[in-house]
>>> print(open('model23.cif').read())   # mmCIF, C-alpha atoms
data_query
#
loop_
_atom_site.label_atom_id
_atom_site.label_comp_id
_atom_site.auth_asym_id
_atom_site.auth_seq_id
_atom_site.Cartn_x
_atom_site.Cartn_y
_atom_site.Cartn_z
CA MET A 1 0.08 -2.67 -8.49
CA ILE A 2 0.40 -6.07 -6.79
CA HIS A 3 -2.14 -6.98 -4.17
CA ALA A 4 -2.43 -9.41 -1.25
CA ARG A 5 1.32 -9.70 -0.94
CA THR A 6 3.51 -10.62 1.98
CA TRP A 7 7.26 -10.82 1.72
CA PRO A 8 9.96 -13.40 2.35
CA THR A 9 11.07 -14.09 5.89
CA SER A 10 14.64 -13.95 7.06
CA SER A 11 14.73 -17.76 7.37
CA ARG A 12 13.96 -18.06 3.66
CA ARG A 13 16.65 -15.59 2.74
CA GLN A 14 19.35 -16.59 5.27
CA LYS A 15 21.19 -13.36 5.06
CA THR A 16 23.39 -11.11 7.15
CA LEU A 17 21.72 -7.88 8.22
CA GLY A 18 22.38 -5.04 10.57
CA LEU A 19 26.15 -5.29 10.42
CA ILE A 20 26.89 -2.31 8.25
CA LEU A 21 28.62 0.61 9.90
CA VAL A 22 28.72 3.92 8.07
CA VAL A 23 30.09 6.26 10.69
CA GLY A 24 32.02 9.46 11.11
CA MET A 25 30.62 11.15 8.00
CA LEU A 26 31.06 14.78 8.84
CA GLY A 27 31.51 17.99 6.89
CA GLY A 28 32.51 18.35 3.26
CA SER A 29 30.75 19.71 0.22
CA ALA A 30 27.50 18.46 -1.24
CA ALA A 31 27.70 15.68 -3.79
CA VAL A 32 26.97 16.63 -7.38
CA ALA A 33 23.45 15.68 -8.51
CA THR A 34 24.55 13.32 -11.26
CA THR A 35 21.56 10.95 -11.22
CA PRO A 36 18.64 12.29 -13.30
CA ALA A 37 15.55 13.13 -11.24
CA ALA A 38 13.32 14.07 -14.15
CA ALA A 39 14.50 13.86 -17.74
CA ALA A 40 13.88 12.10 -21.03
CA GLY A 41 13.82 8.41 -20.21
CA ALA A 42 12.74 8.92 -16.61
CA THR A 43 9.41 7.51 -15.42
CA PRO A 44 8.39 9.10 -12.11
CA VAL A 45 6.40 6.85 -9.74
CA ALA A 46 4.99 8.28 -6.51
CA VAL A 47 5.46 5.95 -3.52
CA SER A 48 3.62 6.39 -0.24
CA THR A 49 1.77 4.59 2.54
CA GLY A 50 -0.73 2.96 0.19
CA ASP A 51 2.06 1.27 -1.78
CA LEU A 52 3.34 -0.75 1.16
CA ALA A 53 2.62 -4.49 1.36
CA PRO A 54 0.14 -6.07 1.09
CA HIS A 55 -1.01 -3.43 -1.41
CA GLY A 56 2.22 -2.85 -3.28
CA ALA A 57 5.79 -3.92 -3.90
CA TRP A 58 7.29 -1.97 -0.98
CA THR A 59 7.84 -3.25 2.54
CA LEU A 60 10.14 -2.99 5.49
CA GLU A 61 12.77 -5.72 5.41
CA PRO A 62 11.00 -8.26 7.62
CA SER A 63 13.71 -9.55 9.95
CA SER A 64 15.36 -6.60 11.66
CA ASN A 65 13.58 -3.26 11.37
CA THR A 66 13.74 -1.44 14.69
CA GLY A 67 13.93 2.21 13.69
CA ALA A 68 11.17 4.50 12.45
CA PHE A 69 10.00 5.72 9.07
CA SER A 70 7.15 7.80 7.62
CA PHE A 71 6.20 9.62 4.43
CA VAL A 72 6.34 13.36 5.09
CA SER A 73 6.31 16.77 3.43
CA GLY A 74 9.71 18.39 2.89
CA PRO A 75 12.20 18.97 4.30
CA SER A 76 13.17 22.13 2.45
CA THR A 77 12.50 21.56 -1.27
CA PRO A 78 12.79 17.83 -2.01
CA PRO A 79 14.28 16.77 -5.37
CA GLY A 80 10.92 15.32 -6.41
CA GLY A 81 7.38 16.39 -5.56
CA ILE A 82 6.60 17.88 -2.17
CA GLY A 83 7.77 15.14 0.18
CA SER A 84 10.18 12.36 1.07
CA LEU A 85 10.73 9.27 3.21
CA ALA A 86 11.74 10.16 6.77
CA MET A 87 14.00 7.57 8.45
CA SER A 88 15.54 7.56 11.89
CA ILE A 89 17.50 5.16 14.07
CA ALA A 90 19.05 5.25 17.52
CA SER A 91 22.31 3.46 18.18
CA GLY A 92 21.92 -0.26 17.49
CA GLU A 93 18.75 0.11 15.42
CA HIS A 94 18.19 -0.65 11.76
CA GLU A 95 15.74 0.50 9.09
CA TRP A 96 15.45 -0.72 5.49
CA LEU A 97 12.63 -0.09 3.02
CA ASN A 98 12.71 -2.52 0.09
CA ASN A 99 11.14 -2.66 -3.36
CA TYR A 100 10.52 -6.31 -4.27
CA SER A 101 9.46 -5.89 -7.88
CA TYR A 102 12.86 -6.72 -9.43
CA GLY A 103 13.47 -10.31 -8.33
CA ALA A 104 11.95 -13.54 -7.06
CA CYS A 105 9.07 -11.87 -5.23
CA ALA A 106 7.78 -9.80 -8.16
CA THR A 107 4.95 -12.29 -8.68
CA GLY A 108 3.72 -12.39 -5.08
CA PRO A 109 4.30 -13.89 -1.64
CA SER A 110 5.47 -17.26 -2.93
CA CYS A 111 8.56 -15.53 -4.37
CA SER A 112 8.39 -18.01 -7.25
CA ASN A 113 9.41 -15.70 -10.09
CA PRO A 114 12.10 -17.76 -11.89
CA PRO A 115 15.69 -16.48 -11.97
CA ALA A 116 15.51 -15.91 -15.73
CA ASN A 117 13.00 -13.12 -15.02
CA TRP A 118 15.05 -11.38 -12.35
CA THR A 119 16.63 -8.06 -13.32
CA GLN A 120 20.25 -8.44 -14.42
CA LEU A 121 22.78 -6.16 -12.80
CA ALA A 122 24.36 -5.78 -16.23
CA ASN A 123 21.21 -3.95 -17.35
CA ILE A 124 21.20 -1.48 -14.44
CA ASN A 125 23.20 1.51 -15.57
CA THR A 126 21.24 4.21 -13.75
CA LEU A 127 21.15 3.82 -9.98
CA GLY A 128 21.00 6.44 -7.25
CA TYR A 129 19.05 8.27 -4.58
CA SER A 130 18.85 11.60 -2.75
CA THR A 131 19.34 12.14 0.98
CA TYR A 132 18.94 14.86 3.59
CA ARG A 133 20.65 14.26 6.92
CA THR A 134 19.42 16.38 9.79
CA SER A 135 21.68 14.80 12.38
CA GLY A 136 23.55 11.61 13.16
CA THR A 137 26.80 9.69 12.78
CA THR A 138 25.76 7.33 9.99
CA TYR A 139 24.17 7.74 6.58
CA PRO A 140 21.68 5.87 4.35
CA THR A 141 23.17 3.26 2.06
CA LEU A 142 21.54 1.82 -1.06
CA ASN A 143 21.16 -1.94 -0.59
CA VAL A 144 20.64 -4.45 -3.41
CA GLU A 145 20.00 -8.12 -2.62
CA VAL A 146 21.64 -10.13 -5.39
CA ASP A 147 22.38 -13.60 -6.64
CA PRO A 148 25.97 -13.18 -7.88
CA VAL A 149 25.72 -16.36 -9.98
CA GLY A 150 22.31 -15.56 -11.44
CA ASP A 151 20.83 -19.06 -11.31
CA GLY A 152 19.03 -18.74 -7.98
CA SER A 153 21.71 -20.49 -5.90
CA GLY A 154 23.62 -17.51 -4.52
CA TYR A 155 22.93 -14.63 -2.16
CA ALA A 156 24.67 -11.47 -0.99
CA THR A 157 23.72 -7.89 -0.28
CA PHE A 158 25.70 -5.23 -2.12
CA LEU A 159 25.68 -1.81 -0.47
CA PHE A 160 26.54 1.56 -1.94
CA ILE A 161 28.09 3.88 0.65
CA PRO A 162 28.44 7.60 -0.12
CA SER A 163 31.93 9.07 0.18
CA SER A 164 32.24 10.37 3.74
CA GLY A 165 34.04 13.52 2.69
CA LEU A 166 31.06 14.63 0.64
CA VAL A 167 28.38 14.20 3.32
CA ALA A 168 26.80 17.37 4.70
CA ASN A 169 23.91 18.06 7.05
CA ASN A 170 20.70 19.98 6.32
CA ILE A 171 20.99 19.93 2.54
CA TRP A 172 19.63 17.63 -0.15
CA GLN A 173 22.39 15.58 -1.78
CA THR A 174 22.02 13.26 -4.75
CA TRP A 175 24.21 10.16 -4.97
CA ASN A 176 25.00 8.44 -8.25
CA ALA A 177 25.69 4.85 -7.19
CA VAL A 178 27.18 4.09 -10.61
CA SER A 179 29.86 6.79 -10.25
CA PRO A 180 33.01 6.08 -8.19
CA ALA A 181 33.23 9.83 -7.54
CA ASP A 182 30.14 9.63 -5.30
CA GLY A 183 30.99 6.49 -3.30
CA SER A 184 31.78 2.79 -3.41
CA TRP A 185 30.18 -0.64 -2.95
CA ILE A 186 30.80 -3.38 -0.38
CA SER A 187 29.38 -6.89 0.05
CA THR A 188 27.91 -8.55 3.17
CA ARG A 189 29.41 -11.87 2.09
CA GLN A 190 32.74 -13.17 0.87
CA LEU A 191 32.35 -14.47 -2.68
CA ALA A 192 34.40 -16.99 -4.60
CA THR A 193 35.14 -14.73 -7.55
CA GLY A 194 35.02 -11.10 -8.63
CA PRO A 195 35.92 -8.03 -6.59
CA PHE A 196 34.45 -9.36 -3.31
CA THR A 197 36.74 -12.32 -2.56
CA CYS A 198 37.78 -10.51 0.63
CA ALA A 199 36.18 -10.93 4.06
CA PRO A 200 32.69 -9.42 4.28
CA GLN A 201 32.63 -5.61 4.17
CA SER A 202 36.42 -5.36 4.05
CA CYS A 203 36.97 -4.27 0.45
CA THR A 204 35.23 -1.97 -2.00
CA ALA A 205 34.36 -1.99 -5.68
CA SER A 206 32.76 0.28 -8.25
CA TRP A 207 29.53 -0.60 -10.01
CA THR A 208 31.49 -1.17 -13.22
CA GLN A 209 33.75 -3.65 -11.41
CA ILE A 210 30.67 -5.43 -10.00
CA GLN A 211 29.11 -5.75 -13.45
CA ALA A 212 32.38 -7.07 -14.90
CA GLY A 213 33.13 -9.41 -11.98
CA TYR A 214 29.60 -10.87 -11.80
CA PRO A 215 28.35 -10.76 -15.40
CA ASN A 216 25.40 -13.08 -14.68
CA ALA A 217 24.36 -11.49 -11.39
CA ARG A 218 20.68 -10.63 -10.87
CA VAL A 219 18.57 -8.85 -8.27
CA LYS A 220 17.34 -11.74 -6.11
CA TYR A 221 14.91 -10.10 -3.70
CA GLY A 222 14.72 -6.38 -2.96
CA LEU A 223 16.53 -3.09 -3.20
CA GLY A 224 16.12 0.18 -1.38
CA PRO A 225 17.42 2.71 1.17
CA ASN A 226 18.90 1.33 4.38
CA VAL A 227 20.14 2.86 7.62
CA GLY A 228 22.27 0.25 9.41
CA THR A 229 23.30 -0.64 12.93
CA GLY A 230 26.21 1.12 14.54
CA GLY A 231 25.33 4.81 14.55
CA THR A 232 22.48 7.27 14.70
CA PHE A 233 20.54 8.97 11.95
CA THR A 234 17.66 11.38 11.53
CA GLY A 235 16.87 12.50 8.01
CA ASN A 236 15.17 11.78 4.73
CA VAL A 237 15.48 9.89 1.43
CA ASP A 238 13.86 10.67 -1.92
CA ASN A 239 14.03 9.84 -5.63
CA LEU A 240 15.36 6.29 -5.57
CA THR A 241 16.34 5.84 -9.22
CA VAL A 242 16.72 2.45 -10.91
CA GLY A 243 17.01 1.48 -14.57
CA GLY A 244 19.03 1.30 -17.74
CA ALA A 245 21.01 3.85 -19.65
CA LEU A 246 18.06 5.04 -21.74
CA ALA A 247 15.05 4.41 -19.45
CA TRP A 248 14.78 4.41 -15.68
CA THR A 249 12.23 4.70 -12.88
CA VAL A 250 12.35 7.47 -10.30
CA TYR A 251 10.59 6.42 -7.09
CA ASP A 252 9.40 9.69 -5.56
CA PHE A 253 8.50 9.28 -1.89
CA GLU A 254 5.49 11.43 -1.00
CA PRO A 255 3.15 12.15 1.92
CA SER A 256 -0.34 10.82 1.48
CA PRO A 257 -3.89 11.03 2.82
CA SER A 258 -5.18 9.09 5.79
CA SER A 259 -7.60 6.26 5.08
CA PRO A 260 -11.17 6.94 3.90
CA LEU A 261 -13.90 6.36 6.49
CA TYR A 262 -17.18 4.46 6.83
CA VAL A 263 -16.95 2.29 3.72
CA SER A 264 -20.26 0.68 2.73
CA SER A 265 -21.74 -0.75 -0.47
CA VAL A 266 -25.01 -1.35 -2.30
CA PRO A 267 -25.45 -4.28 -4.71
CA GLY A 268 -26.11 -3.94 -8.43
CA ASN A 269 -26.43 -6.33 -11.32
CA ARG A 270 -22.88 -7.71 -11.67
CA SER A 271 -21.71 -4.60 -9.85
CA ALA A 272 -21.67 -2.79 -6.52
CA THR A 273 -21.78 0.88 -5.61
CA VAL A 274 -19.17 1.64 -2.95
CA ILE A 275 -19.69 4.63 -0.67
CA TRP A 276 -17.27 6.23 1.80
CA LYS A 277 -16.35 9.41 3.67
CA PRO A 278 -13.22 11.35 2.66
CA PRO A 279 -10.02 11.00 4.71
CA VAL A 280 -9.47 13.32 7.66
CA SER A 281 -6.06 14.36 6.29
CA ASN A 282 -5.10 14.84 2.64
CA GLY A 283 -1.37 14.52 3.38
CA GLY A 284 -0.59 18.10 2.41
CA SER A 285 -1.99 18.23 -1.13
CA PRO A 286 -5.53 17.98 -2.52
CA VAL A 287 -7.13 14.57 -3.02
CA THR A 288 -7.39 13.94 -6.78
CA GLY A 289 -9.04 10.51 -6.86
CA TYR A 290 -9.60 7.17 -5.17
CA LEU A 291 -8.60 3.52 -5.57
CA VAL A 292 -11.06 0.74 -4.76
CA THR A 293 -10.04 -2.90 -4.31
CA PRO A 294 -12.81 -5.52 -4.33
CA TYR A 295 -12.20 -8.72 -2.37
CA LEU A 296 -13.91 -12.03 -3.17
CA GLY A 297 -13.43 -13.84 0.09
CA SER A 298 -9.82 -13.13 1.02
CA VAL A 299 -8.64 -12.75 -2.59
CA ALA A 300 -7.93 -9.21 -3.79
CA LEU A 301 -9.15 -8.50 -7.31
CA ALA A 302 -7.85 -5.84 -9.68
CA VAL A 303 -7.66 -2.34 -8.24
CA ARG A 304 -10.18 0.06 -9.77
CA VAL A 305 -8.95 3.62 -10.33
CA PHE A 306 -11.42 6.52 -10.09
CA ASN A 307 -9.96 9.87 -11.10
CA SER A 308 -12.67 11.81 -9.30
CA THR A 309 -13.10 13.36 -5.87
CA LYS A 310 -16.61 11.90 -5.57
CA THR A 311 -16.96 9.62 -2.55
CA THR A 312 -19.01 6.99 -4.34
CA ALA A 313 -18.03 4.71 -7.22
CA THR A 314 -19.55 1.78 -9.09
CA VAL A 315 -17.34 -1.31 -9.32
CA THR A 316 -18.34 -3.44 -12.32
CA GLY A 317 -17.35 -6.89 -13.57
CA LEU A 318 -18.42 -8.71 -10.39
CA GLN A 319 -20.26 -12.05 -10.14
CA ASN A 320 -23.90 -12.16 -9.16
CA GLY A 321 -24.58 -14.21 -6.05
CA LYS A 322 -21.05 -13.74 -4.68
CA ASN A 323 -20.14 -11.85 -1.51
CA TYR A 324 -17.65 -8.99 -1.79
CA ARG A 325 -15.95 -6.55 0.55
CA PHE A 326 -14.01 -3.44 -0.42
CA GLU A 327 -10.98 -1.36 0.56
CA VAL A 328 -10.61 2.28 -0.46
CA ALA A 329 -7.56 4.57 -0.62
CA ALA A 330 -7.32 8.24 -1.55
CA ARG A 331 -4.74 9.67 -3.95
CA SER A 332 -3.06 13.05 -3.65
CA ALA A 333 0.72 13.42 -4.08
CA GLY A 334 0.85 9.73 -3.15
CA THR A 335 -1.52 6.85 -2.50
CA GLY A 336 -2.87 7.05 1.02
CA ALA A 337 -3.53 4.46 3.68
CA TRP A 338 -6.11 1.85 2.74
CA SER A 339 -9.34 1.64 4.68
CA PRO A 340 -10.16 -1.56 6.56
CA MET A 341 -12.00 -4.14 4.44
CA ARG A 342 -15.68 -3.22 4.76
CA GLY A 343 -19.00 -3.10 2.94
CA LEU A 344 -19.96 -6.79 2.73
CA VAL A 345 -22.49 -7.12 -0.09
CA THR A 346 -24.07 -9.89 -2.13
CA VAL A 347 -23.78 -8.77 -5.74
CA GLY A 348 -27.00 -9.20 -7.73
CA ALA A 349 -29.16 -9.10 -4.60
CA PRO A 350 -31.86 -6.38 -4.58
CA GLY A 351 -31.08 -2.80 -3.72
CA ARG A 352 -32.21 -0.91 -0.64
CA PRO A 353 -35.99 -0.33 -0.26
CA GLY A 354 -37.00 3.32 -0.02
CA LYS A 355 -39.49 5.62 1.74
CA VAL A 356 -40.00 3.32 4.70
CA ALA A 357 -42.79 4.45 7.03
CA ALA A 358 -44.33 2.80 10.11
CA LYS A 359 -47.81 3.39 11.51
CA ALA A 360 -48.84 2.19 14.96
CA MET A 361 -51.85 -0.10 14.99
CA SER A 362 -53.43 -2.12 17.82
CA GLY A 363 -50.52 -4.29 19.02
CA SER A 364 -48.74 -4.04 15.69
CA LEU A 365 -46.91 -1.78 13.21
CA ARG A 366 -47.95 -1.33 9.59
CA VAL A 367 -44.80 -0.83 7.51
CA THR A 368 -44.92 0.60 3.99
CA PHE A 369 -42.07 1.08 1.51
CA THR A 370 -41.15 1.38 -2.14
CA ALA A 371 -39.52 -1.46 -4.04
CA PRO A 372 -35.79 -1.25 -4.88
CA ALA A 373 -34.02 -2.33 -8.05
CA SER A 374 -34.22 -6.10 -8.45
CA ASN A 375 -30.79 -6.18 -10.15
CA GLY A 376 -31.79 -8.75 -12.73
CA ALA A 377 -33.60 -11.35 -10.57
CA ALA A 378 -37.19 -11.04 -9.37
CA ILE A 379 -37.68 -10.01 -5.74
CA THR A 380 -39.35 -12.91 -3.90
CA SER A 381 -39.90 -11.39 -0.46
CA TYR A 382 -39.41 -8.42 1.84
CA THR A 383 -38.59 -8.56 5.55
CA ALA A 384 -39.56 -5.70 7.88
CA THR A 385 -37.74 -5.54 11.23
CA CYS A 386 -38.94 -3.16 13.94
CA ALA A 387 -36.67 -2.43 16.89
CA SER A 388 -37.19 -0.32 20.02
CA PRO A 389 -34.55 1.88 21.70
CA ASN A 390 -36.40 1.90 25.04
CA GLY A 391 -37.09 -1.70 25.95
CA GLY A 392 -39.61 -2.97 23.43
CA VAL A 393 -39.12 -6.44 21.98
CA THR A 394 -37.73 -6.57 18.41
CA LYS A 395 -40.05 -8.19 15.88
CA SER A 396 -39.78 -9.11 12.17
CA LYS A 397 -42.24 -10.15 9.48
CA SER A 398 -41.81 -11.18 5.81
CA ARG A 399 -44.23 -10.70 2.93
CA ALA A 400 -44.13 -10.53 -0.86
CA ALA A 401 -45.02 -6.84 -1.10
CA SER A 402 -45.76 -3.62 0.80
CA PRO A 403 -47.35 -3.17 3.29
CA ILE A 404 -46.12 -5.57 5.97
CA THR A 405 -47.85 -5.80 9.35
CA VAL A 406 -45.40 -6.58 12.16
CA THR A 407 -47.21 -8.05 15.16
CA GLY A 408 -46.16 -8.77 18.74
CA VAL A 409 -44.52 -5.42 19.44
CA THR A 410 -44.54 -4.00 22.98
CA THR A 411 -47.28 -1.50 23.77
CA GLY A 412 -46.14 1.97 24.82
CA LYS A 413 -42.64 1.68 23.36
CA ALA A 414 -40.96 3.64 20.57
CA TYR A 415 -40.05 1.77 17.36
CA ARG A 416 -38.18 2.35 14.11
CA CYS A 417 -38.48 -0.10 11.24
CA ARG A 418 -36.19 -1.19 8.39
CA VAL A 419 -36.91 -3.31 5.32
CA ALA A 420 -34.67 -5.64 3.25
CA ALA A 421 -35.51 -7.33 -0.06
CA THR A 422 -34.55 -10.84 -1.15
CA ASN A 423 -34.20 -12.47 -4.57
CA SER A 424 -32.66 -15.73 -5.78
CA ARG A 425 -29.13 -14.29 -5.36
CA GLY A 426 -29.46 -13.18 -1.77
CA THR A 427 -30.77 -10.50 0.55
CA GLY A 428 -29.89 -6.89 -0.16
CA PRO A 429 -28.99 -4.12 2.29
CA ARG A 430 -31.52 -2.89 4.81
CA SER A 431 -33.34 0.37 4.19
CA LEU A 432 -32.76 3.51 6.15
CA PRO A 433 -34.89 3.45 9.32
CA SER A 434 -38.40 4.84 9.44
CA ALA A 435 -39.31 7.75 11.63
CA SER A 436 -39.94 6.76 15.23
CA VAL A 437 -43.47 5.81 16.24
CA THR A 438 -44.90 4.80 19.62
CA THR A 439 -47.18 1.79 19.89
#
>>> encode(input="model23.cif", output="structure tokens")
Amino acid sequence: MIHARTWPTSSRRQKTLGLILVVGMLGGSAAVATTPAAAAGATPVAVSTGDLAPHGAWTLEPSSNTGAFSFVSGPSTPPGGIGSLAMSIASGEHEWLNNYSYGACATGPSCSNPPANWTQLANINTLGYSTYRTSGTTYPTLNVEVDPVGDGSGYATFLFIPSSGLVANNIWQTWNAVSPADGSWISTRQLATGPFTCAPQSCTASWTQIQAGYPNARVKYGLGPNVGTGGTFTGNVDNLTVGGALAWTVYDFEPSPSSPLYVSSVPGNRSATVIWKPPVSNGGSPVTGYLVTPYLGSVALAVRVFNSTKTTATVTGLQNGKNYRFEVAARSAGTGAWSPMRGLVTVGAPGRPGKVAAKAMSGSLRVTFTAPASNGAAITSYTATCASPNGGVTKSKSRAASPITVTGVTTGKAYRCRVAATNSRGTGPRSLPSASVTT
């Protein structure tokens, strides 16, 4: 999974979007399911909210998305898993969800992956997707952004359009984009050679003709399902399938949990224990585990996978003395929404002091506690802070050990006290508050 990613802007790509009209597709029989959904050679990959940028290779095409999309359960019995990608547009709107792992942007937001590493169209011999149209006058296409020359200098979008006579409503249909029996391809740009020397979108070709006419062509940016301007659509997409003749990936769109809540952390020695509350919604299937991403400053580190429903996990391999924050996502049928970045902690600082108690004295509070783990560096001091909920002045005092006498508190006010420990790496988290006492 690729982290901390944004995607190329329309100015960088200089392309034509939102001009594709796929209208008047009514009636007919369902297309034959000729693209494998699960078979030898197929690698299923669940895709959901948590896989969208900046946490994964999927994102809405950045320049012109005006419709709506969501990961949902159903409808009916999807071809893969329990859910699908719901897409809808009103007249004049556009919606396109792209996977950017095949071309220039596979290495991150700089889109600096060299052309030699882009996927060649000649090596894509399995290509398709499944659709379910509830209503509308248009239909999802499969868009592939390509460099027809293959050296980084060219750009066009090739679109597979299902045969209109095969389109039906309220039924799952699977489209094999390699088979002329299921539909044909057009180009958004006129090219100098090959089958698309015509004006943009005015002639069609088969995938075999594209491979023969552009033998060096490569995927330049992204590919994915698109609903274009010019009609209306309400429906779903599932099982986007991409690969070679012997091995391919099936991207199974699935509903997912909401984000985990109340993320916090406690430092350890070269580690941190991250704690959270489970998501409010599991997305329709049980939560099976969690993903935790540590951030050092603004830089996302490797995602840690925890195949457990426990809502606490220890993240190891961190640097003592450095400050980290964490994001957490739940996994069920798909990866859920990521929590906001929370839980700032200085790794290697002491743990949280325990059993904090406060006793009212004459004009002061005597605070006792138990020492926490030092996490590999001797604790040099403790700071007790006593605060009042009803108007007393807040006071703090530091000392090398328990007890600590906090002076200057307001007589006749209620107080609760917390304690934090400090070592050479930093100050650890504050303790839980003491029971309330009145001075």
>>> resolve_selection(input="model23.cif", expression="the PyMOL selection byres ((chain A and resi 293-302) around 9)", output="number ranges by chain")
A: 1-4, 291-292, 303-305, 315, 318, 322-329, 341
>>> residues_around(input="model23.cif", residues="Pro279 in chain A", least_positions_apart="3", cutoff="12 Å", atoms="only C-alpha atoms", output="PDB file with C-alpha atoms, in the coordinates of the input")
ATOM      1  CA  SER A 256      -0.340  10.820   1.480  1.00  0.00           C
ATOM      2  CA  PRO A 257      -3.890  11.030   2.820  1.00  0.00           C
ATOM      3  CA  SER A 258      -5.180   9.090   5.790  1.00  0.00           C
ATOM      4  CA  SER A 259      -7.600   6.260   5.080  1.00  0.00           C
ATOM      5  CA  PRO A 260     -11.170   6.940   3.900  1.00  0.00           C
ATOM      6  CA  LEU A 261     -13.900   6.360   6.490  1.00  0.00           C
ATOM      7  CA  TYR A 262     -17.180   4.460   6.830  1.00  0.00           C
ATOM      8  CA  VAL A 263     -16.950   2.290   3.720  1.00  0.00           C
ATOM      9  CA  TRP A 276     -17.270   6.230   1.800  1.00  0.00           C
ATOM     10  CA  ASN A 282      -5.100  14.840   2.640  1.00  0.00           C
ATOM     11  CA  GLY A 283      -1.370  14.520   3.380  1.00  0.00           C
ATOM     12  CA  PRO A 286      -5.530  17.980  -2.520  1.00  0.00           C
ATOM     13  CA  VAL A 287      -7.130  14.570  -3.020  1.00  0.00           C
ATOM     14  CA  GLY A 289      -9.040  10.510  -6.860  1.00  0.00           C
ATOM     15  CA  TYR A 290      -9.600   7.170  -5.170  1.00  0.00           C
ATOM     16  CA  THR A 309     -13.100  13.360  -5.870  1.00  0.00           C
ATOM     17  CA  THR A 311     -16.960   9.620  -2.550  1.00  0.00           C
ATOM     18  CA  VAL A 328     -10.610   2.280  -0.460  1.00  0.00           C
ATOM     19  CA  ALA A 329      -7.560   4.570  -0.620  1.00  0.00           C
ATOM     20  CA  ALA A 330      -7.320   8.240  -1.550  1.00  0.00           C
ATOM     21  CA  ARG A 331      -4.740   9.670  -3.950  1.00  0.00           C
ATOM     22  CA  SER A 332      -3.060  13.050  -3.650  1.00  0.00           C
ATOM     23  CA  THR A 335      -1.520   6.850  -2.500  1.00  0.00           C
ATOM     24  CA  GLY A 336      -2.870   7.050   1.020  1.00  0.00           C
ATOM     25  CA  ALA A 337      -3.530   4.460   3.680  1.00  0.00           C
ATOM     26  CA  TRP A 338      -6.110   1.850   2.740  1.00  0.00           C
ATOM     27  CA  SER A 339      -9.340   1.640   4.680  1.00  0.00           C
TER      28      SER A 339
END
>>> resolve_selection(input="model23.cif", expression="the PyMOL selection byres ((chain A and resi 131) around 7)", output="ChimeraX atom specification")
/A:129-130,132-133,172-174,236-238
>>> resolve_selection(input="model23.cif", expression="the PyMOL selection byres ((chain A and resi 147) around 9)", output="list in words")
Glu145, Val146, Pro148, Val149, Gly150, Asp151, Gly152, Ser153, Gly154, Tyr155, Ala156, Thr157, Asn216, Ala217, Arg218, Val219, Lys220 and Tyr221 of chain A
>>> closest_residue(input="model23.cif", among="A:Ala333, A:Leu97, A:Ala272, A:Val250", to="Gly317 in chain A", atoms="all atoms listed in the file")
A:Ala272
>>> closest_residue(input="model23.cif", among="A:Asn65, A:Thr439, A:Ser88, A:Asn125", to="Thr249 in chain A", atoms="only C-alpha atoms")
A:Asn125
>>> residues_near_point(input="model23.cif", point="(-37.5, -7.0, 22.8)", cutoff="12 Å", atoms="all atoms listed in the file", output="ChimeraX atom specification")
/A:385-396,408-411,413-415
>>> atom_distance(input="model23.cif", atom1="CA of Pro44 in chain A", atom2="CA of Trp207 in chain A")
23.4 Å
>>> atom_distance(input="model23.cif", atom1="CA of Phe369 in chain A", atom2="CA of Ser402 in chain A")
6.0 Å
>>> closest_residue(input="model23.cif", among="A:Arg416, A:His94, A:Arg425, A:Lys397", to="Gly228 in chain A", atoms="only C-alpha atoms")
A:His94
>>> atom_distance(input="model23.cif", atom1="CA of Phe253 in chain A", atom2="CA of Ser184 in chain A")
24.2 Å
>>> residues_around(input="model23.cif", residues="Gly231 in chain A", least_positions_apart="6", cutoff="6 Å", atoms="all atoms listed in the file", output="number ranges by chain")
A: 91, 137-138
>>> residues_around(input="model23.cif", residues="range 99-103 of chain A", least_positions_apart="6", cutoff="9 Å", atoms="only C-alpha atoms", output="list in words")
Trp7, Gly56, Ala57, Trp58, Thr59, Leu60, Cys111, Asn113, Pro114, Pro115, Asn117, Trp118, Thr119, Glu145, Val146, Arg218, Val219, Lys220, Tyr221, Gly222, Leu223 and Gly224 of chain A
>>> closest_residue(input="model23.cif", among="A:Val345, A:Leu166, A:Trp248, A:Gly334", to="Ser285 in chain A", atoms="all atoms listed in the file")
A:Gly334
>>> closest_residue(input="model23.cif", among="A:Pro350, A:Gly128, A:Gly428, A:Pro195", to="Tyr214 in chain A", atoms="only C-alpha atoms")
A:Pro195
>>> residues_around(input="model23.cif", residues="Asn375 in chain A", least_positions_apart="4", cutoff="9 Å", atoms="only C-alpha atoms", output="PDB file with C-alpha atoms, in the frame of the given file")
ATOM      1  CA  PRO A 267     -25.450  -4.280  -4.710  1.00  0.00           C
ATOM      2  CA  GLY A 268     -26.110  -3.940  -8.430  1.00  0.00           C
ATOM      3  CA  ASN A 269     -26.430  -6.330 -11.320  1.00  0.00           C
ATOM      4  CA  ARG A 270     -22.880  -7.710 -11.670  1.00  0.00           C
ATOM      5  CA  VAL A 347     -23.780  -8.770  -5.740  1.00  0.00           C
ATOM      6  CA  GLY A 348     -27.000  -9.200  -7.730  1.00  0.00           C
ATOM      7  CA  ALA A 349     -29.160  -9.100  -4.600  1.00  0.00           C
ATOM      8  CA  PRO A 350     -31.860  -6.380  -4.580  1.00  0.00           C
ATOM      9  CA  GLY A 351     -31.080  -2.800  -3.720  1.00  0.00           C
TER      10      GLY A 351
END
>>> closest_residue(input="model23.cif", among="A:Ser381, A:Ser48, A:Asn226, A:Ser362", to="Gly81 in chain A", atoms="all atoms listed in the file")
A:Ser48
